[in-house]
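File shown: model.tsv (TSV, C-alpha atoms and all ligand atoms).
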```
chain	number	residue	atom	x	y	z
X	1	MET	CA	71.55	30.00	51.41
X	2	ASN	CA	71.55	28.66	47.83
X	3	ASN	CA	70.25	25.21	46.98
X	4	LEU	CA	73.67	23.63	46.81
X	5	ASP	CA	74.66	24.90	50.27
X	6	LEU	CA	71.34	23.65	51.58
X	7	ILE	CA	71.93	20.17	50.18
X	8	THR	CA	75.54	20.12	51.41
X	9	ASN	CA	74.39	21.06	54.90
X	10	PHE	CA	71.67	18.44	54.79
X	11	ILE	CA	74.16	15.76	53.77
X	12	LYS	CA	76.59	16.70	56.53
X	13	LYS	CA	74.06	16.86	59.35
X	14	THR	CA	71.90	13.84	58.46
X	15	PRO	CA	72.68	10.44	60.04
X	16	LYS	CA	73.82	8.10	57.27
X	17	SER	CA	74.58	4.49	56.56
X	18	GLU	CA	77.30	3.05	54.30
X	19	LEU	CA	76.98	-0.38	52.67
X	20	HIS	CA	79.91	-0.66	50.26
X	21	LEU	CA	83.29	-0.04	51.83
X	22	HIS	CA	86.40	-2.21	51.53
X	23	ILE	CA	88.31	-1.71	54.76
X	24	GLU	CA	91.62	-2.25	52.93
X	25	GLY	CA	90.52	0.55	50.59
X	26	SER	CA	90.41	2.97	53.51
X	27	LEU	CA	94.19	2.62	54.00
X	28	GLU	CA	95.39	6.21	53.68
X	29	PRO	CA	98.94	6.78	52.34
X	30	GLU	CA	100.03	8.17	55.74
X	31	LEU	CA	99.07	4.94	57.53
X	32	MET	CA	100.50	2.83	54.66
X	33	PHE	CA	103.82	4.61	55.13
X	34	LYS	CA	103.71	4.28	58.92
X	35	LEU	CA	102.91	0.53	58.78
X	36	SER	CA	105.58	-0.13	56.15
X	37	LYS	CA	108.12	1.27	58.63
X	38	ARG	CA	106.59	-0.47	61.67
X	39	ASN	CA	106.57	-3.86	59.91
X	40	LYS	CA	109.74	-3.30	57.87
X	41	ILE	CA	107.89	-3.99	54.63
X	42	ASP	CA	109.33	-2.43	51.49
X	43	ILE	CA	106.87	-0.46	49.39
X	44	ALA	CA	107.50	0.96	45.94
X	45	PHE	CA	107.20	4.56	47.17
X	46	ASN	CA	109.52	6.93	49.03
X	47	SER	CA	106.92	9.34	50.35
X	48	VAL	CA	103.23	9.86	50.99
X	49	ASP	CA	103.16	12.24	48.00
X	50	GLU	CA	104.64	9.55	45.76
X	51	ILE	CA	101.94	7.12	46.89
X	52	ARG	CA	99.17	9.63	46.11
X	53	ALA	CA	100.72	10.44	42.73
X	54	ALA	CA	100.48	6.75	41.75
X	55	TYR	CA	96.68	6.75	42.17
X	56	ASN	CA	95.79	7.13	38.51
X	57	PHE	CA	93.81	4.21	37.21
X	58	SER	CA	92.56	3.24	33.78
X	59	ASN	CA	90.22	0.43	34.87
X	60	LEU	CA	89.45	-1.94	37.76
X	61	ASP	CA	92.49	-4.17	37.22
X	62	SER	CA	94.95	-1.27	37.18
X	63	PHE	CA	93.54	-0.20	40.56
X	64	LEU	CA	93.52	-3.70	42.06
X	65	LYS	CA	97.24	-4.08	41.42
X	66	ILE	CA	98.04	-1.05	43.59
X	67	TYR	CA	95.33	-1.91	46.13
X	68	TYR	CA	96.78	-5.37	46.78
X	69	GLU	CA	100.31	-3.91	46.96
X	70	GLY	CA	99.10	-1.41	49.53
X	71	SER	CA	97.54	-4.20	51.60
X	72	ASN	CA	100.98	-5.82	51.96
X	73	VAL	CA	101.83	-3.52	54.89
X	74	LEU	CA	98.96	-4.98	56.96
X	75	ILE	CA	100.37	-7.79	59.11
X	76	THR	CA	99.33	-7.80	62.76
X	77	GLU	CA	96.03	-7.60	64.63
X	78	GLU	CA	97.11	-4.12	65.71
X	79	ASP	CA	97.50	-3.07	62.04
X	80	PHE	CA	93.95	-4.17	61.25
X	81	PHE	CA	92.72	-2.43	64.39
X	82	ASP	CA	94.49	0.82	63.45
X	83	LEU	CA	93.19	0.65	59.87
X	84	THR	CA	89.61	0.10	60.98
X	85	TRP	CA	89.80	2.66	63.78
X	86	GLU	CA	90.84	5.35	61.28
X	87	TYR	CA	87.76	4.50	59.22
X	88	VAL	CA	85.57	4.63	62.34
X	89	LEU	CA	86.88	8.16	63.02
X	90	ARG	CA	85.95	9.09	59.43
X	91	CYS	CA	82.46	7.71	60.06
X	92	LYS	CA	82.16	9.90	63.13
X	93	LYS	CA	83.28	12.93	61.13
X	94	ASP	CA	80.84	12.20	58.26
X	95	ASN	CA	77.95	11.36	60.62
X	96	ILE	CA	77.78	7.73	59.46
X	97	VAL	CA	75.85	5.93	62.19
X	98	HIS	CA	75.82	2.48	60.59
X	99	THR	CA	78.34	0.81	58.29
X	100	GLU	CA	78.65	-2.60	56.62
X	101	ILE	CA	82.24	-3.22	55.62
X	102	PHE	CA	84.02	-5.74	53.40
X	103	PHE	CA	87.34	-7.37	54.08
X	104	ASP	CA	89.48	-9.51	51.73
X	105	PRO	CA	91.02	-12.31	53.85
X	106	GLN	CA	92.63	-14.07	50.87
X	107	SER	CA	94.90	-11.11	50.12
X	108	HIS	CA	96.29	-11.47	53.66
X	109	LEU	CA	96.30	-15.26	54.14
X	110	GLU	CA	98.54	-15.74	51.11
X	111	ARG	CA	101.15	-13.55	52.83
X	112	GLY	CA	101.09	-15.69	55.99
X	113	VAL	CA	98.87	-13.33	57.98
X	114	LYS	CA	96.53	-15.14	60.39
X	115	PHE	CA	92.79	-15.03	59.70
X	116	ASP	CA	92.09	-14.45	63.39
X	117	ASP	CA	94.39	-11.43	63.52
X	118	VAL	CA	92.56	-9.87	60.56
X	119	ILE	CA	89.03	-10.43	61.84
X	120	ASN	CA	89.80	-9.66	65.50
X	121	GLY	CA	91.60	-6.40	64.67
X	122	ILE	CA	88.71	-5.24	62.49
X	123	HIS	CA	86.05	-6.40	64.94
X	124	ASN	CA	87.65	-4.82	68.02
X	125	ALA	CA	87.93	-1.43	66.33
X	126	LEU	CA	84.26	-1.61	65.28
X	127	LYS	CA	83.33	-2.64	68.82
X	128	LYS	CA	85.17	0.39	70.20
X	129	GLY	CA	83.36	2.55	67.62
X	130	HIS	CA	80.08	1.27	69.01
X	131	SER	CA	80.96	1.82	72.66
X	132	GLU	CA	82.53	5.28	72.13
X	133	PHE	CA	80.31	6.74	69.39
X	134	GLY	CA	77.28	4.43	69.13
X	135	ILE	CA	78.20	3.52	65.53
X	136	THR	CA	76.74	0.14	64.57
X	137	SER	CA	78.33	-2.16	61.99
X	138	LYS	CA	78.34	-5.48	60.17
X	139	ILE	CA	81.26	-7.32	58.59
X	140	ILE	CA	81.05	-9.03	55.18
X	141	MET	CA	83.85	-11.37	54.06
X	142	CYS	CA	84.68	-11.14	50.35
X	143	PHE	CA	86.11	-13.87	48.15
X	144	LEU	CA	88.56	-12.86	45.43
X	145	ARG	CA	86.90	-13.86	42.16
X	146	HIS	CA	90.14	-13.97	40.14
X	147	LEU	CA	91.13	-17.02	42.23
X	148	ASP	CA	89.71	-20.54	41.92
X	149	GLU	CA	86.63	-21.62	43.85
X	150	GLU	CA	88.20	-24.61	45.58
X	151	PRO	CA	90.62	-22.76	47.94
X	152	CYS	CA	87.76	-20.45	48.98
X	153	PHE	CA	86.19	-23.30	50.97
X	154	LYS	CA	89.11	-23.13	53.42
X	155	VAL	CA	88.44	-19.45	53.89
X	156	LEU	CA	84.75	-20.17	54.46
X	157	ASN	CA	85.82	-22.64	57.17
X	158	HIS	CA	87.75	-19.87	58.92
X	159	ALA	CA	84.61	-17.73	58.85
X	160	LEU	CA	82.62	-20.50	60.57
X	161	ARG	CA	84.70	-19.90	63.71
X	162	HIS	CA	83.69	-16.23	63.62
X	163	LYS	CA	80.00	-16.45	62.82
X	164	ASP	CA	79.34	-14.04	65.67
X	165	LYS	CA	81.32	-11.37	63.79
X	166	ILE	CA	80.68	-12.05	60.10
X	167	ILE	CA	77.15	-11.56	58.77
X	168	GLY	CA	77.67	-12.47	55.15
X	169	VAL	CA	79.93	-13.21	52.23
X	170	GLY	CA	80.60	-11.23	49.07
X	171	LEU	CA	82.53	-11.42	45.83
X	172	ASP	CA	85.04	-8.82	44.67
X	173	SER	CA	88.24	-8.30	42.64
X	174	SER	CA	88.61	-8.59	38.86
X	175	GLU	CA	85.12	-8.95	37.38
X	176	LYS	CA	85.49	-9.49	33.64
X	177	GLY	CA	86.02	-13.16	32.83
X	178	ASN	CA	85.19	-14.25	36.39
X	179	PRO	CA	81.43	-14.87	36.30
X	180	PRO	CA	79.31	-15.46	39.43
X	181	LYS	CA	78.59	-19.06	38.37
X	182	LYS	CA	82.26	-19.89	39.06
X	183	PHE	CA	81.31	-19.63	42.76
X	184	GLU	CA	77.95	-21.42	42.78
X	185	ARG	CA	78.98	-24.27	45.09
X	186	LEU	CA	80.79	-21.93	47.47
X	187	PHE	CA	77.85	-19.57	47.83
X	188	ASN	CA	75.46	-22.49	48.32
X	189	ALA	CA	77.69	-23.72	51.14
X	190	ALA	CA	77.78	-20.23	52.67
X	191	ILE	CA	73.98	-19.94	52.50
X	192	LYS	CA	73.64	-23.35	54.20
X	193	GLU	CA	75.72	-21.89	57.04
X	194	ASN	CA	73.28	-18.95	57.26
X	195	PHE	CA	75.57	-16.32	55.80
X	196	LEU	CA	73.81	-13.62	53.78
X	197	THR	CA	75.21	-13.16	50.28
X	198	VAL	CA	76.11	-10.11	48.19
X	199	ALA	CA	78.29	-9.76	45.09
X	200	HIS	CA	80.03	-7.12	43.03
X	201	ALA	CA	78.35	-7.32	39.64
X	202	GLY	CA	77.86	-5.00	36.70
X	203	GLU	CA	80.69	-2.68	37.73
X	204	GLU	CA	82.60	-3.38	34.51
X	205	GLY	CA	80.99	-6.73	33.75
X	206	PRO	CA	77.80	-7.36	31.73
X	207	PRO	CA	74.16	-7.39	32.95
X	208	GLU	CA	74.33	-11.19	32.73
X	209	TYR	CA	76.60	-11.17	35.80
X	210	ILE	CA	73.89	-9.28	37.70
X	211	TRP	CA	71.26	-11.85	36.63
X	212	ASP	CA	73.53	-14.69	37.74
X	213	SER	CA	74.31	-13.04	41.07
X	214	ILE	CA	70.58	-12.89	41.75
X	215	ASN	CA	69.63	-16.33	40.41
X	216	ILE	CA	72.71	-18.41	41.23
X	217	LEU	CA	74.36	-16.66	44.19
X	218	LYS	CA	70.99	-15.60	45.71
X	219	VAL	CA	72.34	-12.20	46.67
X	220	LYS	CA	70.48	-9.76	48.93
X	221	ARG	CA	72.27	-6.81	47.31
X	222	ILE	CA	74.25	-6.10	44.16
X	223	ASP	CA	77.46	-4.13	44.68
X	224	HIS	CA	77.80	-1.45	41.97
X	225	GLY	CA	75.31	-2.78	39.37
X	226	VAL	CA	75.59	0.32	37.20
X	227	GLN	CA	75.58	-1.76	33.97
X	228	CYS	CA	71.97	-2.86	34.69
X	229	LEU	CA	70.47	-0.07	32.55
X	230	LYS	CA	71.65	-1.94	29.44
X	231	ASP	CA	68.95	-4.57	30.10
X	232	GLU	CA	65.36	-3.39	30.54
X	233	LYS	CA	64.10	-6.74	31.74
X	234	LEU	CA	66.81	-6.77	34.41
X	235	VAL	CA	65.78	-3.29	35.57
X	236	GLU	CA	62.19	-4.53	35.92
X	237	THR	CA	63.34	-7.55	37.92
X	238	LEU	CA	65.58	-5.46	40.22
X	239	LYS	CA	62.59	-3.20	40.88
X	240	GLU	CA	60.11	-6.02	41.38
X	241	LYS	CA	62.37	-7.81	43.83
X	242	ASN	CA	63.49	-4.55	45.44
X	243	ILE	CA	67.13	-5.55	45.14
X	244	PRO	CA	69.46	-2.80	46.37
X	245	LEU	CA	72.37	-1.59	44.25
X	246	THR	CA	75.29	-0.17	46.24
X	247	VAL	CA	76.54	2.47	43.81
X	248	CYS	CA	79.95	4.14	44.28
X	249	PRO	CA	80.13	7.25	42.05
X	250	LEU	CA	83.69	8.49	42.70
X	251	SER	CA	85.00	4.94	42.36
X	252	ASN	CA	83.28	4.63	38.96
X	253	ILE	CA	84.96	7.83	37.76
X	254	LYS	CA	88.42	6.89	39.08
X	255	LEU	CA	88.15	3.48	37.37
X	256	CYS	CA	86.83	5.02	34.14
X	257	VAL	CA	83.45	3.27	34.18
X	258	PHE	CA	82.06	6.73	33.28
X	259	ASP	CA	84.20	9.52	31.82
X	260	LYS	CA	82.98	12.17	34.26
X	261	LEU	CA	80.62	12.46	37.21
X	262	GLU	CA	78.18	14.54	35.15
X	263	ASN	CA	77.70	11.44	32.94
X	264	HIS	CA	77.16	8.97	35.80
X	265	ASN	CA	73.85	7.07	35.52
X	266	LEU	CA	72.89	7.25	39.22
X	267	LYS	CA	70.12	9.81	38.65
X	268	LYS	CA	68.68	7.68	35.83
X	269	MET	CA	68.72	4.63	38.10
X	270	LEU	CA	67.05	6.62	40.86
X	271	ASN	CA	64.39	7.99	38.51
X	272	LYS	CA	63.60	4.48	37.30
X	273	GLY	CA	62.75	3.61	40.90
X	274	LEU	CA	65.72	1.35	41.52
X	275	ARG	CA	66.85	1.03	45.11
X	276	VAL	CA	70.19	2.82	44.83
X	277	MET	CA	72.33	4.64	47.35
X	278	VAL	CA	75.78	6.23	47.43
X	279	ASN	CA	78.91	4.62	48.92
X	280	SER	CA	82.64	5.28	48.94
X	281	ASP	CA	84.08	1.82	48.00
X	282	ASP	CA	87.83	2.50	48.50
X	283	PRO	CA	87.88	6.09	49.75
X	284	ALA	CA	91.64	6.35	50.34
X	285	TYR	CA	92.20	5.58	46.65
X	286	PHE	CA	89.22	7.27	45.02
X	287	GLY	CA	89.35	10.76	46.48
X	288	GLY	CA	86.61	10.91	49.04
X	289	TYR	CA	84.60	9.40	51.86
X	290	LEU	CA	80.81	9.19	51.94
X	291	ASN	CA	79.97	12.88	52.37
X	292	THR	CA	82.30	13.87	49.53
X	293	ASN	CA	80.69	11.22	47.31
X	294	LEU	CA	77.21	12.49	48.14
X	295	ILE	CA	78.07	16.20	47.81
X	296	GLU	CA	80.03	15.89	44.54
X	297	THR	CA	77.41	13.59	43.01
X	298	SER	CA	74.52	15.87	43.99
X	299	LYS	CA	76.37	18.78	42.43
X	300	ALA	CA	77.34	17.01	39.21
X	301	LEU	CA	73.92	15.42	38.62
X	302	ASN	CA	71.93	18.37	39.91
X	303	LEU	CA	70.08	16.21	42.45
X	304	ASP	CA	67.37	17.94	44.47
X	305	LEU	CA	66.88	17.59	48.21
X	306	ASP	CA	64.20	14.92	47.84
X	307	GLU	CA	66.48	12.79	45.66
X	308	VAL	CA	69.31	13.07	48.18
X	309	LYS	CA	66.88	12.10	50.94
X	310	VAL	CA	65.82	8.98	49.00
X	311	LEU	CA	69.47	7.95	48.57
X	312	ILE	CA	70.09	8.20	52.31
X	313	GLN	CA	66.80	6.45	53.14
X	314	ASN	CA	67.60	3.66	50.66
X	315	SER	CA	70.89	3.02	52.43
X	316	PHE	CA	69.15	2.31	55.75
X	317	LYS	CA	66.36	0.34	54.05
X	318	SER	CA	68.94	-1.83	52.26
X	319	SER	CA	71.09	-2.45	55.32
X	320	PHE	CA	71.20	-5.66	57.34
X	321	LEU	CA	69.94	-3.81	60.42
X	322	ASP	CA	66.79	-5.15	62.10
X	323	GLU	CA	63.47	-3.48	61.19
X	324	ASN	CA	63.25	-1.49	64.44
X	325	SER	CA	66.68	0.09	63.97
X	326	LYS	CA	65.93	0.82	60.31
X	327	ASN	CA	62.67	2.57	61.23
X	328	ASN	CA	64.34	4.46	64.02
X	329	TRP	CA	66.94	5.96	61.66
X	330	LEU	CA	64.44	6.51	58.84
X	331	SER	CA	62.31	8.60	61.20
X	332	LYS	CA	65.31	10.92	61.74
X	333	ILE	CA	65.89	11.79	58.06
Z	401	LIG	N1	85.56	-3.80	42.57
Z	401	LIG	C1	86.01	-5.04	42.71
Z	401	LIG	N2	86.84	-5.39	43.67
Z	401	LIG	C2	87.24	-4.48	44.56
Z	401	LIG	C3	86.80	-3.17	44.46
Z	401	LIG	C4	85.91	-2.82	43.44
Z	401	LIG	O1	85.45	-1.67	43.28
Z	401	LIG	N3	87.39	-2.51	45.49
Z	401	LIG	C5	88.13	-3.40	46.18
Z	401	LIG	N4	88.06	-4.60	45.60
Z	402	ZN	ZN	83.74	-2.56	45.93
```
Rewrite the structure from the file as structure tokens, please.
Ligand code: HPA
Ligand code: ZN
Amino acid sequence: MNNLDLITNFIKKTPKSELHLHIEGSLEPELMFKLSKRNKIDIAFNSVDEIRAAYNFSNLDSFLKIYYEGSNVLITEEDFFDLTWEYVLRCKKDNIVHTEIFFDPQSHLERGVKFDDVINGIHNALKKGHSEFGITSKIIMCFLRHLDEEPCFKVLNHALRHKDKIIGVGLDSSEKGNPPKKFERLFNAAIKENFLTVAHAGEEGPPEYIWDSINILKVKRIDHGVQCLKDEKLVETLKEKNIPLTVCPLSNIKLCVFDKLENHNLKKMLNKGLRVMVNSDDPAYFGGYLNTNLIETSKALNLDLDEVKVLIQNSFKSSFLDENSKNNWLSKI
């Protein structure tokens, strides 16, 4: 068996955790098509092939436009259940034993969808995933940073009724021009309510947004964070504070953050001792779930088995699991 086959086998058979996954980004074209018919929602495509053919992006914003359009077919609790259940089945297939997923309530509320239908559909599918396959999970509610801060407080109020299901809040959507400090009051309010905080930062935006996510939003993890290498002092701080960076290699290529996977900076981040791991972000749009991300990245960056092991270990270490569960999984890698 050559080294690449060995690593591929290792990736497939090892229990893994995923920490950066937008559930709406796991909406496969087949389900999008099915739900558009079920809910009688017009979409701009006549076939599954047409949908797939439209997935060519030049940057984050060009993706977000199609991503929010796709989300329009999600209406009922059953839709959110079906969406999440499909992802759970992917987890089973990829041997993901723990997952922490994002959802974007604001993209649904503005279409008249009920918050409770969104969260209950997602939660019930994850609950079934636990009882049928033993897969554990956490739910993180994201605020859309291209919107104003004020209306987000209403969304936070919804989350208060579902504290048993939502562990934390995050920040996603269009990064450039929407700095973390825009959401200072909101994140303070969320922290007061005992929500953990995370934020997308340094995907396309500058290192300053990573600093502000740490200092102002008090995040436990940075989502993406690949721009951190532009600032040596920031790298030192991320290391000192052991702040995890949830890197998504295939996403970064699809959104042209790097021109090709061979030029991705994940290996550099890893070699600097940063707490990085691999995630799929929006797998239905970016061409692969977690195993594909890990396998393609290992191949392109020539990662050795020890480096792949560290990535998988970092994912459990950086999760919001309790220490016993973390140690239990770490002992199995
Ligand atoms: N970045 C920002 N917002 C998002 C993303 C992303 O990669 N995916 C879904 N919403
Ligand atoms: Zn993301």
**OP:** Have a look at X:Asn95, X:Ser71, X:Asn124, X:Thr84 and name the one nearest to Arg111 in chain X; count all atoms listed in the file.
**Re:** X:Ser71
**OP:** Rank X:Asn328, X:Asn188, X:Thr99, X:Ser107 by their smallest atom-to-atom distance to Glu18 in chain X, using only C-alpha atoms, and report the top residue only.
**Re:**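 Checking each candidate against Glu18 in chain X, we get X:Thr99 as the closest.
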**OP:** List all protein, DNA and RNA residues that have an atom no more than 9 Å from any atom of ligand LIG 401 (chain Z), counting only C-alpha atoms and all ligand atoms, and report them as an NGL selection string.
**Re:** :X and (20-25 or 60-61 or 63-64 or 67-68 or 102-104 or 142 or 144-145 or 171-175 or 200-201 or 203-204 or 223-224 or 248 or 251-252 or 255 or 281-282)
Could you save the residues just selected, with C-alpha atoms, as a short mmCIF file (atom, residue, chain, number, x, y, z; two decimals), keeping the file's coordinate frame?
```
data_model
loop_
_atom_site.label_atom_id
_atom_site.label_comp_id
_atom_site.auth_asym_id
_atom_site.auth_seq_id
_atom_site.Cartn_x
_atom_site.Cartn_y
_atom_site.Cartn_z
CA HIS X 20 79.91 -0.66 50.26
CA LEU X 21 83.29 -0.04 51.83
CA HIS X 22 86.40 -2.21 51.53
CA ILE X 23 88.31 -1.71 54.76
CA GLU X 24 91.62 -2.25 52.93
CA GLY X 25 90.52 0.55 50.59
CA LEU X 60 89.45 -1.94 37.76
CA ASP X 61 92.49 -4.17 37.22
CA PHE X 63 93.54 -0.20 40.56
CA LEU X 64 93.52 -3.70 42.06
CA TYR X 67 95.33 -1.91 46.13
CA TYR X 68 96.78 -5.37 46.78
CA PHE X 102 84.02 -5.74 53.40
CA PHE X 103 87.34 -7.37 54.08
CA ASP X 104 89.48 -9.51 51.73
CA CYS X 142 84.68 -11.14 50.35
CA LEU X 144 88.56 -12.86 45.43
CA ARG X 145 86.90 -13.86 42.16
CA LEU X 171 82.53 -11.42 45.83
CA ASP X 172 85.04 -8.82 44.67
CA SER X 173 88.24 -8.30 42.64
CA SER X 174 88.61 -8.59 38.86
CA GLU X 175 85.12 -8.95 37.38
CA HIS X 200 80.03 -7.12 43.03
CA ALA X 201 78.35 -7.32 39.64
CA GLU X 203 80.69 -2.68 37.73
CA GLU X 204 82.60 -3.38 34.51
CA ASP X 223 77.46 -4.13 44.68
CA HIS X 224 77.80 -1.45 41.97
CA CYS X 248 79.95 4.14 44.28
CA SER X 251 85.00 4.94 42.36
CA ASN X 252 83.28 4.63 38.96
CA LEU X 255 88.15 3.48 37.37
CA ASP X 281 84.08 1.82 48.00
CA ASP X 282 87.83 2.50 48.50
#
```
Subject >> Non-local contacts of Leu245 in chain X (7 Å; all atoms listed in the file; under 3 positions in same chain excluded) as JSON, numbers by chain >> reply: {"X": [221, 222, 223, 224, 225, 275, 276, 277]}
**OP:** Just give me the gap between CA of Pro15 in chain X and CA of Ala300 in chain X in Å, one decimal is fine.
**Re:**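 Taking CA of Pro15 in chain X as the start and CA of Ala300 in chain X as the end point, the length is 22.3 Å.
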**OP:** Neighbourhood query: residues within 12 Å of (71.4, 14.4, 38.5), file coordinates, counting only C-alpha atoms; return as a list in words.
**Re:**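 Within the cut-off we find Pro249, Leu261, Glu262, Asn263, His264, Asn265, Leu266, Lys267, Lys268, Met269, Leu270, Asn271, Leu294, Ile295, Glu296, Thr297, Ser298, Lys299, Ala300, Leu301, Asn302, Leu303, Asp304, Leu305, Asp306, Glu307 and Val308 of chain X.
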Convert the current residue selection to file output with C-alpha atoms, as a CSV table (one decimal), in the coordinates of the input.
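Now in out.csv:
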```
chain,number,residue,atom,x,y,z
X,249,PRO,CA,80.1,7.2,42.0
X,261,LEU,CA,80.6,12.5,37.2
X,262,GLU,CA,78.2,14.5,35.2
X,263,ASN,CA,77.7,11.4,32.9
X,264,HIS,CA,77.2,9.0,35.8
X,265,ASN,CA,73.8,7.1,35.5
X,266,LEU,CA,72.9,7.2,39.2
X,267,LYS,CA,70.1,9.8,38.6
X,268,LYS,CA,68.7,7.7,35.8
X,269,MET,CA,68.7,4.6,38.1
X,270,LEU,CA,67.0,6.6,40.9
X,271,ASN,CA,64.4,8.0,38.5
X,294,LEU,CA,77.2,12.5,48.1
X,295,ILE,CA,78.1,16.2,47.8
X,296,GLU,CA,80.0,15.9,44.5
X,297,THR,CA,77.4,13.6,43.0
X,298,SER,CA,74.5,15.9,44.0
X,299,LYS,CA,76.4,18.8,42.4
X,300,ALA,CA,77.3,17.0,39.2
X,301,LEU,CA,73.9,15.4,38.6
X,302,ASN,CA,71.9,18.4,39.9
X,303,LEU,CA,70.1,16.2,42.4
X,304,ASP,CA,67.4,17.9,44.5
X,305,LEU,CA,66.9,17.6,48.2
X,306,ASP,CA,64.2,14.9,47.8
X,307,GLU,CA,66.5,12.8,45.7
X,308,VAL,CA,69.3,13.1,48.2
```
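CA of Tyr87 in chain X is positioned 9.6 Å from CA of Pro283 in chain X.
Proximity to Lys163 in chain X at 12 Å, evaluated using only C-alpha atoms and with sequence-adjacent residues fewer than 3 positions away removed, yields Ile119, His123, Lys138, Ile139, Ile140, Met141, Leu156, Asn157, His158, Ala159, Leu160, Ile166, Ile167, Gly168, Val169, Ala190, Glu193, Asn194, Phe195 and Leu196 of chain X.
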**OP:** Using only C-alpha atoms and all ligand atoms, pick whichever of X:Ser325, X:Phe143, X:Asp42, X:Ile216 has the shortest atom-to-atom distance to ligand ZN 402 (chain Z).
**Re:**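 Checking each candidate against ligand ZN 402 (chain Z), we get X:Phe143 as the closest.
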**OP:** Find the residue from X:Cys152, X:Ile11, X:Ile135, X:Leu126 that sits nearest to Asp82 in chain X; use only C-alpha atoms when measuring.
**Re:**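 For Asp82 in chain X, the nearest of the given residues is X:Leu126.
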Original post:
Out of X:Asp116, X:Glu208, X:Glu100, X:Asp79, which residue has the shortest atom-to-atom distance to Asp231 in chain X when counting only C-alpha atoms?
Top reply: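 The closest residue to Asp231 in chain X is X:Glu208.
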Subject >> Atom pair CA of Ile214 in chain X / CA of Pro105 in chain X: separation (Å) >> reply: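 It comes out at 23.8 Å.
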**OP:** Using all atoms listed in the file, pick whichever of X:Phe286, X:Phe187, X:Phe80, X:Phe316 has the shortest atom-to-atom distance to ligand ZN 402 (chain Z).
**Re:**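 Closest residue, counting all atoms listed in the file: X:Phe286.
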**OP:** Counting only C-alpha atoms, note down every residue that has an atom within 12 Å of the point (81.1, 3.5, 70.0) (file coordinates), as a list of chain:residue names.
**Re:**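 Every polymer residue passing the test: X:Trp85, X:Val88, X:Leu89, X:Cys91, X:Lys92, X:Ile96, X:Val97, X:His98, X:Asn124, X:Ala125, X:Leu126, X:Lys127, X:Lys128, X:Gly129, X:His130, X:Ser131, X:Glu132, X:Phe133, X:Gly134, X:Ile135, X:Thr136, X:Ser137.
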